[in-house]
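Notes to accompany the following structure.
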Amino acid sequence: MILKEDVEKVRAAADLYDIVSASVTLKPSGTGTYVGLCPFHDEKTPSFSVRPSLGVWHCFGCGLGGDVFGYVEQRENIDFREAVELLADRYHIELRYEAGSRRDEHAGSKRTRLLEANEEAQRFFVSQIMSKEALAARKLLGGRNFSQADCERFGCGYAPQGWDNLVRHLANKGFTQQEMLDAGLARQGQRGVYDYFRGRVTWPIRDSTGRTLGFGARKLYEDDAIAAKYINTPDTQLYRKNQVLYGIDLAKSSIVKKRQVVIVEGYTDVMACHLAGIDTAVATCGTAFGAEHAKIVRRLIADDSLGAVQLVGPLKVEGQALSSRIVFTFDGDAAGQKAALHAFGLDSAFLTQTFVAVADDNLDPCDLRIERGNEAVRSLIERAKPLYDFVIDAAIDRFDTQYTTGQMGAVKAVAPLIAQIRDRSLHDMYTRKAARRVGVDLDVMRREVASARRRLNVRDEDAYAPRRRGGAQAAEPRGEPGRNPYENPAARKALERRDANEQTYHRIDDAVFICEQQFMATLIQVPRAVDPAWFAQLTLANFMTPVFRSLFQAIAAAGGLPSADTPQGLWMHNLTKAGGPLLEPVINELAVMPLPLPAAERDDAQAPRGESGGAAAVQLRPATRAEQQYAFELLARLLDMGFMRRIGAAKRRMAQLPDGEEKIALLGQITQMETARKDLQAQVYGNTVG
């Protein structure tokens with residue numbers, strides 16, 4: 001067990017925004033809240049919300065949520081202890097373990113150890129690239145116009161020939177043979193453990209944060225025991241070939257900024273593109289580009305929207321010559337066309353932004369740079385052709401359409417391709433374009449496409465249809481700091497009503513529920529806005545909604561209102577722990593729910609970090625005047641409704657009693673409560689006027 005104070009030290013140091021934005025493009029949405037495409041389920045409109053200042057995230061689409069440890073657990077598929085250890089390694093925090101539970105000499109999670117093994121292997125490969133034995137590797141890279149500095153930039157290395165060079169090196173660094181096997185760096189043979197990569201040029205395959213997950217390696221010698229020209233790390237706990245992209249660590253920031261990604265087919269192609277100025281280039285690793293790769297790309301590019309229409313086509317990007325798009329550099333040969341056809345299996349929203357770049361003589365970007373220079377590589381990407389047009393034109397060009405039989409052959413070949421375009425508006429437009437290119441009547445082409453569509457059971461979609469967007473997805477009026485964009489009562493009511501309609505934990509729409517929901521959200525997000533003396537007057541009877549009654553009890557179990565010196569992250573942790581697994585999603589959702597309040601003088605998501613670095617380390621910030629006023633109004637309403645309910649119950653009871661002392665005593669209690677209610681209303685009026 002890790003000592004609790006060390007867990008809290010890691011929580012305070014961890015920056016949730018930085019950790020999430022490593023794989024998800026986050027955009028501001030209201031004060032202190034960011035939204036993006038959920039990394040845990042496939043979606044086209046953002047429903048994933050992050051509140052860095054509270055150290056909490058929640059997805060309105062799939063319902064997942066939690067703190068920074070929960071995010072790392074879900075993202076890396078590890079348990080809580082491993083998540084703490086992984087973040088401790090990242091933020092250079094030494095963990096202490098309770099007596100009797102300290103781990104063995106190889107302290108740290110298995111995942112961390114595998115990462116360390118890969119990093120050490122990378123250092124070893126790089127150290128070998130200038131050795132005498134690595135001459136063939138240097139010749140290969142130099143022959144592709146890569147300088148020594150270029151090779152250092154991309155981490156090119158050399159795995160020496162022999163049996164166990166890397167195995168012995170890692171053993172000297174304290175790694176076990178099992179860790180080498182688990183990292184995919186070694187294999188078990190009859191005579192013991194031996195190196196997996198031998199006599200090859202190597203490239204490190206990293207994630208978007210720069211951690212080495214595995215390697216790609218190219219054959220150099222004819223007597224190589226492995227015949228394949230390229231090999232990759234086998235699937236491990238770290239490395240999944242359908243979930244990694246070579247070069248994503250170098251290209252990520254440019255992809256996010258330019259809203260564009262270029263998909264090439266090899267490691268040297270990535271190098272050539274980046275050196276030519278195409279800094280958004282990445283490559284798949286030993287497998288075709290698939291749905292999992294598309295998810296990675298889409299989360300970084302982030303689909304845009306305008307009003308209720310989802311813009312799925314290539315968009316113009318201000319200050320950029322090229323529109324936002326995904327560009328594939330397939331070969332123009334049969335294999336390249338097959339790869340392009342494979343991409344048809346991706347979803348329609350992704351395909352409408354997808355282009356294909358093919359050099360005139362089918363040169364890949366690396367060879368193109370060698371023969372014609374950097375400008376030719378840039379020109380190749382600029383002249384990319386929409387994927388649909390590339391595949392359809394390739395099918396038509398196989399036929400001589402000056403003859404009737406050639407025209408019919410082209411129709412039969414292209415109809416199944418057009419039929420696979422799921423978006424109904426696009427499939428109609430491409431039917432018309434193909435009919436004009438082939439030179440046949442539109443009715444002939446439509447009939448063949450419709451027949452193929454029925455035969456293939458293609459699902460009909462409208463990528464441009466309006467989509468309902470959840471609470472976290474709608475853009476919030478931000479306004480100037482200190483000015484409330486919700487000063488208009490109608491705007492405030494509209495947001496409160498939307499908050500009630502879009503929450504997922506209680507399906508009811510009334511004034512009582514809205515008041516309770518807004519109060520709980522304010523209490524969780526800005527606890528220092530709630531007056532402790534007034535809060536002390538609340539009882540369970542002040543809440544009617546079952547989930548909020550339970551939440552009120554959880555707040556009491558967590559110790560009530562937090563003190564001013566409580567760290568943001570610890571407040572959320574204590575509350576979530578007290579609420580338990582049933583209330584955790586409710587707390588997470590309330591924590592990211594927008595409130596009808598002005599932007600703070602200092603956006604709480606951008607508050608200065610504590611000494612240890614994370615927003616969660618910052619103490620609970622003081623509430624603004626507007627936040628205090630809003631919390632006061634909600635609290636007064638709750639107390640007033642509590643008085644009203646108790647007075648009503650007492651009057652019903654009194655009506656059932658015969659005349660006597662009990663009835664007189666009850667009348668006295670009613671009088672006291674009515675007086676207290678009037679005093680409360682007077683205080684509310686005075687506070688509002690003041």
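Ligands are numbered from 1 in the order shown, chains are lettered A, B, ... in the order of the structure tokens, and residues start at 1 in each chain.
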Who sits within 12 Å of A:Arg113, only C-alpha atoms, same chain under 2 positions skipped, as number ranges by chain: A: 82, 85-86, 89, 105-111, 115-120, 170, 173-176, 178-183, 212-213, 237-238
Long-range neighbours of A:Leu275 as JSON, numbers by chain, 9 Å cut-off, only C-alpha atoms, 5 positions minimum in chain: {"A": [150, 270, 374]}
Once you have the residues from the selection above, write them out as an mmCIF file, in the first residue's frame, restricted to N, CA and C atoms.
data_model
loop_
_atom_site.group_PDB
_atom_site.id
_atom_site.type_symbol
_atom_site.label_atom_id
_atom_site.label_comp_id
_atom_site.auth_asym_id
_atom_site.auth_seq_id
_atom_site.Cartn_x
_atom_site.Cartn_y
_atom_site.Cartn_z
ATOM 1 N N ASP A 150 19.776 14.419 -38.645
ATOM 2 C CA ASP A 150 18.409 13.955 -38.930
ATOM 3 C C ASP A 150 18.133 12.643 -38.199
ATOM 4 N N VAL A 270 8.011 9.207 -43.107
ATOM 5 C CA VAL A 270 7.725 10.185 -42.056
ATOM 6 C C VAL A 270 8.894 11.154 -41.932
ATOM 7 N N ASN A 374 12.697 18.745 -51.531
ATOM 8 C CA ASN A 374 11.642 19.005 -50.542
ATOM 9 C C ASN A 374 10.393 19.615 -51.158
#
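Rounded to one decimal, atom CA of A:Cys62 and atom CA of A:Pro46 lie 11.4 Å from each other.
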Distance criterion (only C-alpha atoms): nearest to A:Ile587 out of A:Thr431, A:Thr545, A:Thr504, A:Thr624: A:Thr504
Contact residues around A:Pro546 with only C-alpha atoms at 12 Å, ignoring same-chain residues under 3 positions, as a ChimeraX atom specification: /A:505-508,513,516-517,540-543,549-553,583
Residue contacts of A:Phe154 (12 Å, only C-alpha atoms) excluding same-chain residues fewer than 2 positions away, as a PDB file with C-alpha atoms, in the first residue's frame:
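What ended up in result-v4.pdb:
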ATOM      1  CA  GLN A 122      16.424   2.940 -27.272  1.00  0.00           C
ATOM      2  CA  VAL A 126      21.292   4.864 -30.536  1.00  0.00           C
ATOM      3  CA  LEU A 141      20.127   6.150 -44.010  1.00  0.00           C
ATOM      4  CA  PHE A 146      19.362  11.678 -43.995  1.00  0.00           C
ATOM      5  CA  SER A 147      22.210  13.366 -42.138  1.00  0.00           C
ATOM      6  CA  GLN A 148      23.539  12.288 -38.762  1.00  0.00           C
ATOM      7  CA  ALA A 149      21.581  15.161 -37.178  1.00  0.00           C
ATOM      8  CA  ASP A 150      18.409  13.955 -38.930  1.00  0.00           C
ATOM      9  CA  CYS A 151      18.925  10.445 -37.578  1.00  0.00           C
ATOM     10  CA  GLU A 152      19.435  11.791 -34.068  1.00  0.00           C
ATOM     11  CA  CYS A 156      17.369   6.105 -35.505  1.00  0.00           C
ATOM     12  CA  GLY A 157      19.482   3.344 -34.006  1.00  0.00           C
ATOM     13  CA  THR A 202      15.686   0.687 -35.616  1.00  0.00           C
ATOM     14  CA  TRP A 203      13.130   3.449 -35.072  1.00  0.00           C
ATOM     15  CA  PRO A 204      11.455   4.105 -31.703  1.00  0.00           C
ATOM     16  CA  ILE A 205       7.654   4.004 -31.800  1.00  0.00           C
ATOM     17  CA  ARG A 206       6.372   6.437 -29.189  1.00  0.00           C
ATOM     18  CA  GLY A 210       7.074  10.746 -26.117  1.00  0.00           C
ATOM     19  CA  TYR A 246       4.935   6.335 -35.720  1.00  0.00           C
ATOM     20  CA  GLY A 247       5.825  10.013 -35.425  1.00  0.00           C
ATOM     21  CA  ILE A 248       2.766  11.032 -33.387  1.00  0.00           C
ATOM     22  CA  ASP A 249       5.070  12.434 -30.686  1.00  0.00           C
ATOM     23  CA  LEU A 250       6.701  14.749 -33.252  1.00  0.00           C
ATOM     24  CA  ALA A 251       3.538  15.622 -35.183  1.00  0.00           C
ATOM     25  CA  TYR A 267       9.362   5.322 -41.174  1.00  0.00           C
ATOM     26  CA  THR A 268      11.641   6.936 -43.761  1.00  0.00           C
ATOM     27  CA  ASP A 269       8.579   8.532 -45.386  1.00  0.00           C
ATOM     28  CA  VAL A 270       7.725  10.185 -42.056  1.00  0.00           C
ATOM     29  CA  MET A 271      11.303  11.471 -41.813  1.00  0.00           C
ATOM     30  CA  ALA A 272      11.250  12.774 -45.386  1.00  0.00           C
ATOM     31  CA  HIS A 274       9.011  16.285 -41.666  1.00  0.00           C
ATOM     32  CA  LEU A 275      12.335  17.340 -43.183  1.00  0.00           C
TER      33      LEU A 275
END
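Every protein or nucleic acid residue with an atom no more than 8 Å from stretch 439-451 of chain A, counting only C-alpha atoms and leaving out same-chain residues fewer than 6 positions away, appears here: A:Thr401, A:Gln407, A:Val411, A:Lys412, A:Ala415, A:Pro416, A:Ile418, A:Ala419, A:Thr431, A:Arg432.
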Exercise: A:Ile392 partners within 10 Å, only C-alpha atoms, chain neighbours under 4 positions left out, as an NGL selection string: :A and (341 or 387-388 or 396-397 or 410 or 413-418 or 430 or 433-434)
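Using only C-alpha atoms, the shortest contact distance between A:Leu590 and any of A:Ala665, A:Val56, A:Ala12, A:Ala137 is found at A:Val56.
Shortest atom-to-atom contact with A:Arg144 among A:Lys27, A:Arg96, A:Arg369, A:Arg81: A:Arg369, counting only C-alpha atoms.
Note that atom CA of A:Pro39 and atom CA of A:Gly63 are 12.3 Å apart.
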Those in stretch 214-263 of chain A with strand (DSSP E or B) from DSSP, as a VMD selection string: chain A and resid 214 to 219 230 to 232 246 260 to 263
